[in-house]
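data-v6.cif, holding mmCIF, C-alpha atoms and all ligand atoms:
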data_start
#
loop_
_atom_site.label_atom_id
_atom_site.label_comp_id
_atom_site.auth_asym_id
_atom_site.auth_seq_id
_atom_site.Cartn_x
_atom_site.Cartn_y
_atom_site.Cartn_z
CA MET A 1 -0.55 -29.09 2.12
CA SER A 2 -1.93 -27.93 5.46
CA GLU A 3 -1.22 -24.46 6.78
CA ALA A 4 1.69 -23.96 9.17
CA ARG A 5 1.16 -23.89 12.91
CA VAL A 6 1.12 -20.27 14.10
CA ILE A 7 3.63 -19.54 16.88
CA ASP A 8 1.84 -17.24 19.32
CA GLY A 9 4.44 -14.76 20.56
CA LYS A 10 1.93 -12.95 22.79
CA GLU A 11 1.08 -16.10 24.68
CA ILE A 12 4.69 -17.24 25.03
CA ALA A 13 5.79 -13.75 26.13
CA ALA A 14 3.09 -13.80 28.82
CA LYS A 15 4.56 -17.08 30.10
CA VAL A 16 8.06 -15.58 30.18
CA ARG A 17 6.71 -12.59 32.14
CA ALA A 18 4.94 -14.91 34.58
CA ASP A 19 8.25 -16.75 35.14
CA VAL A 20 10.01 -13.42 35.65
CA ALA A 21 7.38 -12.30 38.17
CA ALA A 22 7.78 -15.57 40.08
CA GLU A 23 11.57 -15.19 40.11
CA VAL A 24 11.28 -11.58 41.32
CA LYS A 25 9.05 -12.74 44.18
CA SER A 26 11.49 -15.44 45.18
CA LEU A 27 14.50 -13.05 45.00
CA LYS A 28 12.65 -10.74 47.37
CA ALA A 29 11.88 -13.56 49.77
CA SER A 30 15.31 -15.20 49.70
CA HIS A 31 17.66 -12.20 49.38
CA GLY A 32 15.55 -9.10 50.05
CA LEU A 33 16.32 -7.91 46.51
CA THR A 34 14.01 -6.05 44.13
CA PRO A 35 15.48 -5.93 40.62
CA GLY A 36 15.38 -2.47 39.04
CA LEU A 37 15.54 -1.31 35.42
CA ALA A 38 16.45 2.25 34.40
CA VAL A 39 15.58 3.43 30.90
CA VAL A 40 17.12 6.56 29.39
CA LEU A 41 15.17 8.26 26.61
CA VAL A 42 16.66 11.25 24.83
CA GLY A 43 14.31 13.29 22.64
CA GLU A 44 10.77 12.84 21.37
CA ASP A 45 10.85 9.96 18.86
CA PRO A 46 7.20 8.76 18.94
CA ALA A 47 7.97 5.03 18.47
CA SER A 48 10.62 5.19 21.20
CA LYS A 49 8.17 6.85 23.60
CA VAL A 50 5.69 3.99 23.07
CA TYR A 51 8.39 1.34 23.62
CA VAL A 52 9.61 3.04 26.78
CA ARG A 53 6.08 3.34 28.19
CA ASN A 54 5.43 -0.37 27.52
CA LYS A 55 8.74 -1.38 29.05
CA ALA A 56 8.05 0.61 32.22
CA ALA A 57 4.51 -0.78 32.62
CA GLN A 58 5.64 -4.40 32.19
CA THR A 59 8.62 -3.92 34.52
CA VAL A 60 6.29 -2.77 37.29
CA GLU A 61 3.75 -5.54 36.53
CA CYS A 62 6.50 -8.09 37.15
CA GLY A 63 7.17 -6.58 40.58
CA MET A 64 10.40 -4.77 39.68
CA ASN A 65 11.47 -1.17 40.16
CA SER A 66 11.35 1.02 37.07
CA TRP A 67 12.89 4.41 36.42
CA GLU A 68 12.43 6.50 33.30
CA HIS A 69 14.95 9.27 32.64
CA LYS A 70 13.61 11.52 29.91
CA LEU A 71 16.13 14.00 28.58
CA PRO A 72 15.44 16.76 26.03
CA GLU A 73 16.48 16.34 22.37
CA ASP A 74 19.30 18.89 22.72
CA THR A 75 20.96 17.16 25.71
CA SER A 76 24.73 17.08 25.20
CA GLU A 77 26.64 13.82 24.83
CA ALA A 78 28.51 14.67 28.03
CA ASP A 79 25.22 14.93 29.94
CA VAL A 80 24.01 11.56 28.63
CA LEU A 81 27.35 10.02 29.63
CA ALA A 82 27.01 11.61 33.07
CA MET A 83 23.53 10.10 33.43
CA VAL A 84 24.84 6.64 32.53
CA ASP A 85 27.73 7.07 34.99
CA LYS A 86 25.27 7.94 37.78
CA LEU A 87 23.16 4.84 36.98
CA ASN A 88 26.29 2.66 36.81
CA LYS A 89 27.09 3.69 40.38
CA ASP A 90 23.54 3.36 41.74
CA LYS A 91 23.26 0.01 43.58
CA ALA A 92 19.44 -0.05 43.28
CA VAL A 93 19.76 -0.03 39.48
CA ASN A 94 20.45 -3.52 38.14
CA GLY A 95 19.72 -2.91 34.46
CA ILE A 96 20.34 0.11 32.23
CA LEU A 97 18.81 0.58 28.80
CA VAL A 98 19.53 3.61 26.65
CA GLN A 99 16.75 3.78 24.08
CA LEU A 100 17.91 3.90 20.46
CA PRO A 101 18.01 5.80 18.18
CA LEU A 102 19.81 8.62 19.99
CA PRO A 103 19.79 12.13 18.45
CA LYS A 104 22.40 12.54 15.69
CA HIS A 105 24.77 14.74 17.70
CA ILE A 106 25.33 11.91 20.20
CA ASP A 107 27.75 9.05 19.51
CA SER A 108 25.60 5.97 20.27
CA THR A 109 28.56 3.58 20.40
CA LYS A 110 30.32 5.76 22.94
CA VAL A 111 27.20 5.91 25.13
CA LEU A 112 26.43 2.17 24.89
CA ASN A 113 30.06 1.29 25.66
CA SER A 114 29.93 3.47 28.79
CA ILE A 115 27.25 1.25 30.37
CA ASP A 116 28.58 -1.14 33.03
CA PRO A 117 28.63 -4.50 31.16
CA ASP A 118 27.03 -6.18 34.17
CA LYS A 119 24.04 -3.81 33.88
CA ASP A 120 23.87 -3.91 30.06
CA VAL A 121 20.44 -5.56 29.68
CA ASP A 122 20.50 -4.97 25.90
CA GLY A 123 23.63 -7.14 25.67
CA PHE A 124 25.17 -4.65 23.22
CA HIS A 125 28.41 -3.92 25.13
CA PRO A 126 31.57 -5.44 23.56
CA VAL A 127 32.25 -7.27 26.83
CA ASN A 128 28.89 -9.05 26.59
CA VAL A 129 29.39 -9.70 22.87
CA GLY A 130 32.71 -11.33 23.76
CA ARG A 131 31.30 -13.31 26.68
CA LEU A 132 28.51 -14.65 24.47
CA GLY A 133 31.05 -15.61 21.79
CA ILE A 134 33.11 -17.73 24.18
CA GLY A 135 30.10 -19.18 26.01
CA GLU A 136 30.59 -17.33 29.32
CA ARG A 137 27.61 -16.24 31.40
CA SER A 138 26.51 -12.98 29.76
CA LEU A 139 23.62 -10.65 29.07
CA VAL A 140 22.18 -11.64 25.69
CA PRO A 141 20.42 -9.29 23.22
CA CYS A 142 16.67 -9.53 23.79
CA THR A 143 15.35 -10.14 20.27
CA PRO A 144 17.63 -13.10 19.48
CA ARG A 145 16.95 -14.53 22.93
CA GLY A 146 13.20 -14.28 22.31
CA SER A 147 13.55 -15.83 18.85
CA VAL A 148 15.28 -18.92 20.26
CA ILE A 149 12.50 -19.34 22.85
CA LEU A 150 9.91 -19.22 20.03
CA ALA A 151 11.83 -21.80 17.95
CA LYS A 152 12.13 -24.08 20.99
CA SER A 153 8.39 -23.81 21.64
CA VAL A 154 8.00 -25.90 18.47
CA ILE A 155 11.20 -27.99 18.57
CA PRO A 156 12.42 -28.18 22.17
CA ASP A 157 15.81 -29.63 21.13
CA LEU A 158 17.31 -27.70 18.20
CA SER A 159 20.44 -29.86 18.24
CA GLY A 160 21.68 -30.85 14.79
CA LEU A 161 19.26 -28.67 12.85
CA ASN A 162 20.36 -26.62 9.85
CA ALA A 163 19.62 -23.04 10.82
CA VAL A 164 19.85 -20.20 8.32
CA VAL A 165 19.92 -16.66 9.69
CA VAL A 166 19.18 -14.05 7.02
CA GLY A 167 20.84 -10.80 8.12
CA ARG A 168 24.12 -10.08 9.89
CA SER A 169 23.36 -7.12 12.14
CA ASN A 170 25.09 -6.70 15.49
CA ILE A 171 21.70 -6.55 17.22
CA VAL A 172 20.11 -9.68 15.73
CA GLY A 173 22.04 -11.67 13.09
CA LYS A 174 25.39 -12.03 14.85
CA PRO A 175 24.08 -12.82 18.36
CA MET A 176 21.56 -15.19 16.73
CA LEU A 177 24.50 -17.11 15.26
CA GLN A 178 26.07 -17.50 18.72
CA LEU A 179 22.84 -18.56 20.43
CA LEU A 180 22.01 -21.14 17.75
CA LEU A 181 25.55 -22.52 17.93
CA GLN A 182 25.05 -22.94 21.69
CA GLU A 183 21.88 -24.89 20.82
CA ASN A 184 24.06 -27.17 18.66
CA CYS A 185 22.59 -26.05 15.33
CA THR A 186 24.65 -25.94 12.15
CA VAL A 187 24.36 -22.25 11.42
CA THR A 188 24.64 -20.32 8.16
CA VAL A 189 24.48 -16.53 8.26
CA ALA A 190 23.26 -15.26 4.91
CA HIS A 191 23.17 -11.60 3.88
CA SER A 192 22.78 -9.17 0.99
CA ARG A 193 25.88 -10.52 -0.81
CA THR A 194 24.94 -14.20 -0.44
CA LYS A 195 24.83 -16.00 -3.81
CA ASP A 196 21.49 -17.67 -4.57
CA LEU A 197 19.87 -16.78 -1.26
CA PRO A 198 16.68 -18.79 -1.98
CA ALA A 199 18.75 -21.96 -2.45
CA VAL A 200 20.60 -21.32 0.83
CA VAL A 201 17.36 -20.73 2.75
CA ARG A 202 15.87 -23.89 1.21
CA GLN A 203 18.46 -25.96 3.13
CA ALA A 204 17.14 -24.69 6.46
CA ASP A 205 15.15 -26.62 9.06
CA LEU A 206 15.00 -23.31 10.95
CA VAL A 207 14.88 -19.93 9.20
CA ILE A 208 15.46 -16.68 11.09
CA ALA A 209 14.67 -13.66 8.92
CA ALA A 210 16.23 -10.40 10.14
CA VAL A 211 17.06 -8.25 7.14
CA GLY A 212 14.60 -5.37 7.36
CA ARG A 213 13.18 -5.96 3.86
CA PRO A 214 9.37 -6.26 3.77
CA GLU A 215 8.11 -9.73 2.75
CA MET A 216 11.40 -10.71 1.10
CA VAL A 217 11.37 -14.42 2.03
CA LYS A 218 8.98 -16.29 -0.28
CA GLY A 219 7.21 -19.63 0.04
CA ASP A 220 9.38 -21.36 -2.56
CA TRP A 221 12.47 -20.52 -0.44
CA ILE A 222 11.14 -22.65 2.42
CA LYS A 223 11.82 -26.35 2.91
CA PRO A 224 8.47 -28.06 3.58
CA GLY A 225 7.90 -28.34 7.33
CA ALA A 226 10.63 -25.83 8.31
CA VAL A 227 10.19 -23.50 11.30
CA VAL A 228 10.18 -19.83 10.27
CA ILE A 229 10.91 -17.04 12.76
CA ASP A 230 10.29 -13.56 11.37
CA VAL A 231 12.17 -10.80 13.19
CA GLY A 232 11.23 -8.05 10.72
CA ILE A 233 8.83 -5.23 11.52
CA ASN A 234 8.24 -3.07 8.45
CA ARG A 235 5.51 -0.51 7.89
CA ILE A 236 4.29 -0.64 4.30
CA THR A 237 1.58 1.22 2.42
CA LYS A 238 -0.95 -1.05 0.74
CA PRO A 239 -2.32 -0.25 -2.77
CA ASP A 240 -5.44 1.21 -1.10
CA GLY A 241 -3.19 3.73 0.68
CA LYS A 242 -3.59 2.19 4.15
CA GLY A 243 -0.57 1.39 6.35
CA LYS A 244 0.21 -2.15 7.45
CA LEU A 245 2.90 -3.89 9.52
CA VAL A 246 4.63 -6.78 7.77
CA GLY A 247 7.67 -8.89 8.51
CA ASP A 248 10.66 -9.87 6.38
CA VAL A 249 8.72 -13.01 5.45
CA ASP A 250 5.86 -13.19 2.98
CA TYR A 251 3.58 -14.73 5.60
CA ALA A 252 0.67 -15.95 3.46
CA ASP A 253 3.04 -17.54 0.96
CA CYS A 254 5.37 -19.17 3.52
CA ALA A 255 2.57 -20.42 5.80
CA LYS A 256 1.54 -22.79 2.97
CA VAL A 257 4.91 -24.55 3.13
CA ALA A 258 6.36 -24.08 6.63
CA GLY A 259 5.69 -26.40 9.57
CA ALA A 260 5.40 -23.43 11.96
CA ILE A 261 5.71 -19.68 11.54
CA THR A 262 5.60 -16.49 13.61
CA PRO A 263 3.10 -13.78 12.63
CA VAL A 264 3.87 -10.04 12.45
CA PRO A 265 2.68 -8.45 14.64
CA GLY A 266 2.31 -10.90 17.54
CA GLY A 267 5.39 -13.07 17.00
CA VAL A 268 8.90 -11.96 17.94
CA GLY A 269 7.81 -8.41 18.91
CA PRO A 270 6.19 -9.23 22.27
CA MET A 271 9.16 -11.46 23.18
CA THR A 272 11.67 -8.61 23.13
CA ILE A 273 10.36 -6.80 26.22
CA ALA A 274 9.72 -10.10 28.02
CA CYS A 275 13.38 -11.03 27.48
CA LEU A 276 14.49 -7.58 28.62
CA LEU A 277 12.71 -8.24 31.93
CA GLN A 278 14.37 -11.66 32.14
CA ASN A 279 17.74 -10.00 31.47
CA THR A 280 17.10 -7.56 34.32
CA VAL A 281 16.54 -10.48 36.70
CA ASP A 282 19.64 -12.24 35.30
CA ALA A 283 21.71 -9.08 35.77
CA THR A 284 20.52 -8.76 39.38
CA LYS A 285 21.48 -12.36 40.09
CA MET A 286 24.90 -11.96 38.46
CA GLN A 287 25.60 -8.79 40.45
CA HIS A 288 24.82 -10.62 43.68
CA GLY A 289 26.58 -13.90 42.81
CA ILE A 290 23.29 -15.85 42.71
CA LYS A 291 23.23 -18.90 40.40
N1 LIG A 301 15.07 0.79 20.09
C1 LIG A 301 14.31 -0.14 19.46
N2 LIG A 301 14.56 -1.37 19.94
C2 LIG A 301 15.52 -1.23 20.89
C3 LIG A 301 16.19 -2.16 21.75
O1 LIG A 301 15.99 -3.37 21.74
N3 LIG A 301 17.10 -1.59 22.61
C4 LIG A 301 17.36 -0.27 22.63
N4 LIG A 301 18.27 0.17 23.50
N5 LIG A 301 16.75 0.62 21.85
C5 LIG A 301 15.84 0.13 20.99
#

Would you write the structure of this file as structure tokens?
Ligand code: GUN
Amino acid sequence: MSEARVIDGKEIAAKVRADVAAEVKSLKASHGLTPGLAVVLVGEDPASKVYVRNKAAQTVECGMNSWEHKLPEDTSEADVLAMVDKLNKDKAVNGILVQLPLPKHIDSTKVLNSIDPDKDVDGFHPVNVGRLGIGERSLVPCTPRGSVILAKSVIPDLSGLNAVVVGRSNIVGKPMLQLLLQENCTVTVAHSRTKDLPAVVRQADLVIAAVGRPEMVKGDWIKPGAVVIDVGINRITKPDGKGKLVGDVDYADCAKVAGAITPVPGGVGPMTIACLLQNTVDATKMQHGIK
């Protein structure tokens, strides 16, 4: 059997960013609006610092305003809530993202729920979760949004497909279910208690792996020709002691069977920030009643 087509997340993310940049330009011309994204980072988590730097650079590249609010590790919960409140009230700020994880002494749910739902570009607020569930216009979590774009790059109409989502997190698995339902897929959400997981995954025309277990999905779980989207990013240590990033899918094994597959890195990862930028434009349009 021939090897699966590789879905190039970097290339597709660049296209999304180009579309965002074009939309930003046209919003400026038609309404005099420049979308703006504020990111709040509390503490010194090295991975978070890298994410935040990349987000800011790409926001500016797309022609939008970007603000980074860096707060020390020992900032009180009240001070973080006060920062969010200030950004909620600031008309120039269209999107607010509080970088996770927050330090342990801060209640993340409380902070995320204090963000104005119309500025919640992560799509984590219960109001957005509810809007997505009933098919209202909403801000949609970035990683699931990016995953659907990647799947549609191979199969533009997902209607009628059997989709199996492995993982039921609030950030990926559950919103993935809603988005795939909107695409008219028949969706199964499998998880750690699912009986005979390989047999369930074998039914799928579209597999979305989001469990956080390195290389768990094997080639003999995959229906020949299926599209495989790997949301996992896991750092493992190889037998030679070197570190390596791998997904939740055993790539080499599954690429022999799948019709198309996303690599890690270079698959879903680059799509997340691109979709965050798109969400910032969407939020701006919603706030100003623009279709
Ligand atoms: N930390 C890692 N990924 C994310 C994300 O998508 N949103 C937020 N807010 N924090 C993160």

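Across the structure, CA of Ala260 in chain A and CA of Gln203 in chain A are spaced 16.0 Å apart.
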
Excluding Asp74 in chain A and any residue of its chain fewer than 4 positions from it, enumerate the residues within 10 Å of it, using all atoms listed in the file, and give them as a list in words.
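Everything that qualifies: Val42, Gly43, Pro103, Lys104, His105 and Ile106 of chain A.
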
Store the residues picked out above in a file with C-alpha atoms, as a tab-separated table (two decimals), keeping the file's coordinate frame.
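That gives us selection-v6.tsv:
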chain	number	residue	atom	x	y	z
A	42	VAL	CA	16.66	11.25	24.83
A	43	GLY	CA	14.31	13.29	22.64
A	103	PRO	CA	19.79	12.13	18.45
A	104	LYS	CA	22.40	12.54	15.69
A	105	HIS	CA	24.77	14.74	17.70
A	106	ILE	CA	25.33	11.91	20.20

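Considering the residues A:Ser48, A:Asn94, A:Thr109, A:Thr280 and counting all atoms listed in the file, ligand LIG 301 (chain A) has its shortest atom-to-atom contact with A:Ser48.
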
Give the residue list for ligand LIG 301 (chain A) at 10 Å, counting only C-alpha atoms and all ligand atoms, as a PyMOL selection string, sorted by chain and then by residue number.
chain A and resi 39-41+47-49+51-52+96-102+108+112+120-124+141-143+171-172+269+272-273+275-276

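Take the candidates A:Pro224, A:Thr284, A:Glu73, A:Leu180 and check each one against Ala204 in chain A using all atoms listed in the file; the shortest distance goes to A:Pro224.
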
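Going from CA of Tyr251 in chain A over to CA of Glu183 in chain A, you cover 25.9 Å.
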
Report, in Å with one decimal, the straight-line distance from CA of Val164 in chain A to CA of Leu206 in chain A.
6.3 Å

List the neighbours of Ile7 in chain A out to 12 Å using all atoms listed in the file; skip same-chain residues closer than 2 positions along the sequence, and give me the result as a ChimeraX atom specification.
/A:4-5,9-13,147,149-155,227-230,255,258-268,270-271

When you get a chance, write out all heavy atoms for range 122-133 of chain A, as a short mmCIF file (atom, residue, chain, number, x, y, z; two decimals), in the coordinates of the input.
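Listed below is the output, rebuild_29.cif:
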data_model
loop_
_atom_site.label_atom_id
_atom_site.label_comp_id
_atom_site.auth_asym_id
_atom_site.auth_seq_id
_atom_site.Cartn_x
_atom_site.Cartn_y
_atom_site.Cartn_z
N ASP A 122 20.63 -4.80 27.35
CA ASP A 122 20.50 -4.97 25.90
C ASP A 122 21.51 -5.99 25.37
O ASP A 122 21.36 -6.48 24.25
CB ASP A 122 20.78 -3.63 25.19
CG ASP A 122 19.52 -2.86 24.84
OD1 ASP A 122 18.49 -3.51 24.56
OD2 ASP A 122 19.58 -1.62 24.83
N GLY A 123 22.56 -6.23 26.13
CA GLY A 123 23.63 -7.14 25.67
C GLY A 123 24.42 -6.59 24.50
O GLY A 123 24.98 -7.36 23.72
N PHE A 124 24.48 -5.26 24.37
CA PHE A 124 25.17 -4.65 23.22
C PHE A 124 26.64 -4.34 23.51
O PHE A 124 27.40 -4.05 22.61
CB PHE A 124 24.48 -3.33 22.80
CG PHE A 124 23.09 -3.48 22.25
CD1 PHE A 124 22.25 -2.37 22.16
CD2 PHE A 124 22.61 -4.71 21.80
CE1 PHE A 124 20.96 -2.48 21.62
CE2 PHE A 124 21.32 -4.82 21.28
CZ PHE A 124 20.50 -3.70 21.19
N HIS A 125 27.04 -4.30 24.79
CA HIS A 125 28.41 -3.92 25.13
C HIS A 125 29.41 -4.96 24.61
O HIS A 125 29.14 -6.16 24.69
CB HIS A 125 28.52 -3.79 26.66
CG HIS A 125 29.77 -3.10 27.10
ND1 HIS A 125 31.00 -3.70 27.04
CD2 HIS A 125 29.98 -1.85 27.58
CE1 HIS A 125 31.92 -2.85 27.48
NE2 HIS A 125 31.31 -1.73 27.82
N PRO A 126 30.57 -4.49 24.08
CA PRO A 126 31.57 -5.44 23.56
C PRO A 126 31.95 -6.54 24.55
O PRO A 126 32.24 -7.67 24.13
CB PRO A 126 32.78 -4.55 23.26
CG PRO A 126 32.21 -3.19 23.04
CD PRO A 126 30.98 -3.09 23.90
N VAL A 127 31.93 -6.23 25.84
CA VAL A 127 32.25 -7.27 26.83
C VAL A 127 31.20 -8.39 26.79
O VAL A 127 31.54 -9.58 26.84
CB VAL A 127 32.36 -6.66 28.25
CG1 VAL A 127 32.36 -7.74 29.32
CG2 VAL A 127 33.62 -5.80 28.35
N ASN A 128 29.94 -8.02 26.68
CA ASN A 128 28.89 -9.05 26.59
C ASN A 128 28.93 -9.79 25.26
O ASN A 128 28.67 -11.00 25.20
CB ASN A 128 27.51 -8.44 26.85
CG ASN A 128 27.29 -8.21 28.33
OD1 ASN A 128 27.61 -9.07 29.16
ND2 ASN A 128 26.78 -7.04 28.68
N VAL A 129 29.24 -9.06 24.19
CA VAL A 129 29.39 -9.70 22.87
C VAL A 129 30.49 -10.76 22.96
O VAL A 129 30.33 -11.89 22.49
CB VAL A 129 29.71 -8.65 21.77
CG1 VAL A 129 29.96 -9.32 20.43
CG2 VAL A 129 28.57 -7.64 21.66
N GLY A 130 31.59 -10.40 23.60
CA GLY A 130 32.71 -11.33 23.76
C GLY A 130 32.36 -12.51 24.66
O GLY A 130 32.63 -13.67 24.32
N ARG A 131 31.70 -12.22 25.77
CA ARG A 131 31.30 -13.31 26.68
C ARG A 131 30.38 -14.30 25.97
O ARG A 131 30.54 -15.52 26.12
CB ARG A 131 30.57 -12.73 27.90
CG ARG A 131 31.47 -12.06 28.92
CD ARG A 131 30.62 -11.42 30.02
NE ARG A 131 31.44 -10.74 31.02
CZ ARG A 131 30.99 -9.81 31.86
NH1 ARG A 131 29.71 -9.44 31.81
NH2 ARG A 131 31.79 -9.27 32.74
N LEU A 132 29.43 -13.78 25.20
CA LEU A 132 28.51 -14.65 24.47
C LEU A 132 29.29 -15.52 23.48
O LEU A 132 29.05 -16.72 23.36
CB LEU A 132 27.45 -13.81 23.74
CG LEU A 132 26.43 -14.58 22.90
CD1 LEU A 132 25.58 -15.50 23.77
CD2 LEU A 132 25.53 -13.62 22.12
N GLY A 133 30.27 -14.89 22.81
CA GLY A 133 31.05 -15.61 21.79
C GLY A 133 31.85 -16.77 22.36
O GLY A 133 32.05 -17.77 21.69
#
